[in-house]
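**Student:** Here you go, one structure.
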Amino acid sequence: MRKLFPLFSLVVVASIMLAACGTPVAATPVTVEVTRIVTSEAPAAAADTPVVEAQPTAAPPPVAGGERLQTILDRGQLVCGVHGTFQGFGFVDSAGAWTGFDVDFCRAWAAALFNDADAVEFRGLSAQDRFTALASGEVDVLSRNSTWTYTRDAELGLTFGPVTFYDGQAIMAKKDVVSDSAAGLDALEGANVCVQSGTTTELNLADQFRAAGVNYTPVVFEDQNAAFQAYDEGRCDAITSDRSQLATQGQAVLQNFADHVILDVVMSKEPLAPAVAQGDDKWADVVHWVVYGMIQAEELGITSENVDTFLTSEDPVVRRLLGVEGELGSKLGLSNDFVYRAIKLVGNYGEVYDRNLATFNLARGQNELWTNGGLMYAPPMR
Amino acid sequence: MNIQSFWRDIRFLKILAQVIFILLLVLAAGYLYRNVSTNLARQGLAVGYGFLKNPASFGIGESFISYEPSDTYGRALLVGLVNTLVVSALGIVFTTIVGVLAGVARLSSNWLISRFAAAYVGLIRNTPLLLQLMFWYFAVIIQLPSVRDAIQLPGPIYLTQRGIYLTWAEATSTFSAWRVFLIIALISIPIIWYILRTAQRRASVPLSPWWTLAYIFVPAFIIWLGAILQPEPPLRPFVPELSGLNFKGGVRLTPEFAALLFGLVTYTGAFIAEIVRAGIQAVAKGQVEAARSLGLTSSQTLRLVVFPQALRIMIPPVTSQYLNLAKNSSLAIGIGYPDLFSIAGTTHNQTGAAIEIITIMMLSYLSISLFTSLLMNIYNKRIQLVER
């Protein structure tokens with residue numbers, strides 16, 4: 001009898017569990033809410049596996065619009081994923097303030113939503129966890145010099161916004177290795193190349209050197225600054241990254257930028273764009289149209305300084321853009337003057353560019369307006 | 001049986017508690033699973049390991065097995081795993097040596113030696129490992145002179161910021177014929193063991209300890225005999241030589257590998273030193289006194305009496321340190337060594353397969369750890385006191 005005791009108690013416990021789980025099943029015909037559960041699961045199975053009972057039906061949840069936007073509006077603050085240590089794009093300056101090209105777009109969205117450019121919580125993200133942070137909903141929008149690629153768009157469950165910066169991968173070498181910026185990749189035969197992990201750069205590097213038939217050894221760092229430091233100390237003959245990064249980081253970090261040369265070779269197209277998680281087209285539209293509004297404003301000559309003088313303009317394009325006329329904002333659930341707010345509090349596209357990147361002598365190039373031979377072109381706002 | 005007494009029965013309550021605990025565990029696991037699967041469905045993401053067959057398309061700086069960027073992600077992850085295993089295995093060997101030496105040194109009656117060992121342990125044990133790795137890499141190894149101004153050590157060994165070049169041996173045409181002698185030499189070791197054991201059983205007094213040298217000299221003689229019988233030496237020195245921008249020949253330790261190995265060995269060695277010291281001090285003082293009164297010298301006392309007993313105390317905590325070393329090797333990502341963690345990170349970023357990659361990493365590190373502790377547990381069983 002003593003030996004049978006554990007077995008006996010197990011049976012008792014199990015039967016109590018079964019009875020406990022079984023009770024609501026027996027009572028189901030009475031209450032309407034529970035009936036739905038019963039139709040999807042057999043009562044016996046429900047008793048054995050209480051977990052499965054709670055499982056939703058197989059149908060995918062409907063892709064609703066406006067949920068994320070509503071969450072942001074209710075919160076009263078935008079959560080923006082940015083680079084934390086990239087001067088010119090996303091950087092915490094010595095005063096502890098977030099600055100940079102990508103950071104200013106976060107401020108512009110916050111200004112458009114809340115009429116307050118500081119209603120942003122910045123999250124510094126590494127190259128590796130940026131998309132996971134976006135997909136999991138930890139950040140509302142990712143504005144972190146991320147290249148828009150097919151695979152990312154198709155596989156990672158995100159939607160890219162408009163391109164804010166047309167970049168391309170380049171390679172920088174020491175002048176004693178390569179003296180002429182016109183040299184090809186074959187000048188780097190056998191070179192050690194420093195590169196940051198978790199970027200498309202790593203892949204382009206392999207592709208380009210393979211295509212050129214040039215041998216190289218990659219030295220991969222998780223942190224961009226570590227890669228630059230190792231390059232500066234002579235661990236590598238060359239370093240590869242987006243041209244904008246080589247120019248800005250190079251001037252900020254390297255001991256003597258004049259000893260280095262950025263080759264003219266364009267190793268890839270790197271359109272940098274903000275991204276939002278898939279599933280809320282309305283929020284994606286807001287991200288798009290605030291940026292387009294800023295580009296349009298530059299084209300019209302509207303800046304943060306003179307924007308108030310344009311409020312009395314007779315031009316219907318200007319009047320619609322600034323929300324003086326028409327109901328453009330309300331179609332997205334925003335205030336009609338959302339572009340006005342972004343321009344007034346942050347500035348137009350050109351202002352944002354000059355404020356953050358002019359100090360690095362980074363020419364506008366492809367990032368000029370289409371009217372000046374560049375690629376920046378906003379669809380009409382009407 | 002009265003139901004009232006049933007609920008008060010401690011034996012029943014114990015079992016009830018266990019059943020409830022397991023149920024809660026299952027519920028929690030189920031909740032997590034459901035959370036993940038609904039989130040994945042919401043994002044429109046699918047979980048699958050098909051991506052492992054796709055070409056990786058990224059380069060890896062150093063690899064102990066052949067690898068090309070056109071190889072698959074699976075192969076790339078394998079390269080990372082092998083890199084992790086190599087640095088962990090070498091790290092465990094060297095850290096044991098460093099740890100035992102430092103632990104014994106701390107107990108030395110020589111003031112300088114014991115203070116020096118104490119300073120080493122105090123300094124290394126109380127600073128973060130990542131910081132130390134950064135220090136060894138950025139402040140020491142890549143500050144070495146460039147290849148053209150390499151520091152030459154006897155050997156020759158060249159220290160440069162592009163790596164440490166060691167002289168190595170290179171096989172010649174007669175190597176394959178000589179290999180037979182290597183195998184014979186290897187076989188001779190258990191034979192010597194058998195002969196010595198039989199002789200010891202027949203003899204009435206213990207054999208002279210000099211006989212143990214046979215384990216070294218007999219195989220060495222066979223190998224030497226094999227070498228002189230060949231028309232040319234089977235091995236020749238493989239000396240690194242400066243050619244162009246780099247050294248050719250010899251064996252190269254990359255700066256990343258050297259910094260990681262050095263950092264892991266010194267860091268874990270400090271912990272093992274403390275375990276060794278604790279183990280030795282835990283052996284009852286009477287054991288040492290008894291050994292000394294039997295006329296054993298102090299080195300014999302340490303080797304024959306103290307250490308075997310200390311070993312029993314030391315093995316379980318040392319096992320934990322070995323596991324720590326293997327897992328800490330994932331900090332390699334900070335200094336650019338392509339270990340499993342680093343390559344898995346790149347793969348994750350390129351394929352977006354977060355859950356799959358994290359599962360692969362967890363299983364890999366888990367297997368490494370379980371295998372290490374299995375070996376250490378077997379060893380632990382063998383050296384335990386056999387009570388009759």
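Please note that chains go A, B, ... in the order of the structure tokens, that every chain numbers its residues from 1, and that ligands are numbered from 1 in the order shown.
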Please return, as JSON, numbers by chain, all residues of chain B lying within 7 Å of chain A when only C-alpha atoms are considered.

**Tutor:** {"B": [12, 16, 27, 30, 34, 41, 42, 43, 44, 45, 57, 58, 59, 60, 61, 69, 142, 143, 161, 162, 333, 334, 335, 336, 345, 346, 349, 352]}

**Student:** Pick out the residues sitting within 10 Å of Leu235 in chain B, and hand them over as number ranges by chain; count only C-alpha atoms, and ignore anything fewer than 2 positions along from it in its own chain.

**Tutor:** B: 168-175, 178, 227, 232-233, 237-238

**Student:** Tell me which protein, DNA and RNA residues are within 6 Å of range 105-119 of chain A, counting only C-alpha atoms, leaving out same-chain ones fewer than 3 positions away, and put them as JSON, numbers by chain.

**Tutor:** {"A": [77, 102, 338, 341, 342, 346]}

**Student:** Please return, as a ChimeraX atom specification, all residues of range 149-311 of chain B that DSSP assigns to alpha helix (DSSP H) on the basis of the backbone.

**Tutor:** /B:175-202,214-229,255-282,285-293,298-300,307-311

**Student:** Could you check which of A:Glu325, A:Thr85, A:Phe257, A:Trp283 is closest to Asn225 in chain A, using only C-alpha atoms?

**Tutor:**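 Looking only at the distances to Asn225 in chain A, the closest residue turns out to be A:Thr85.
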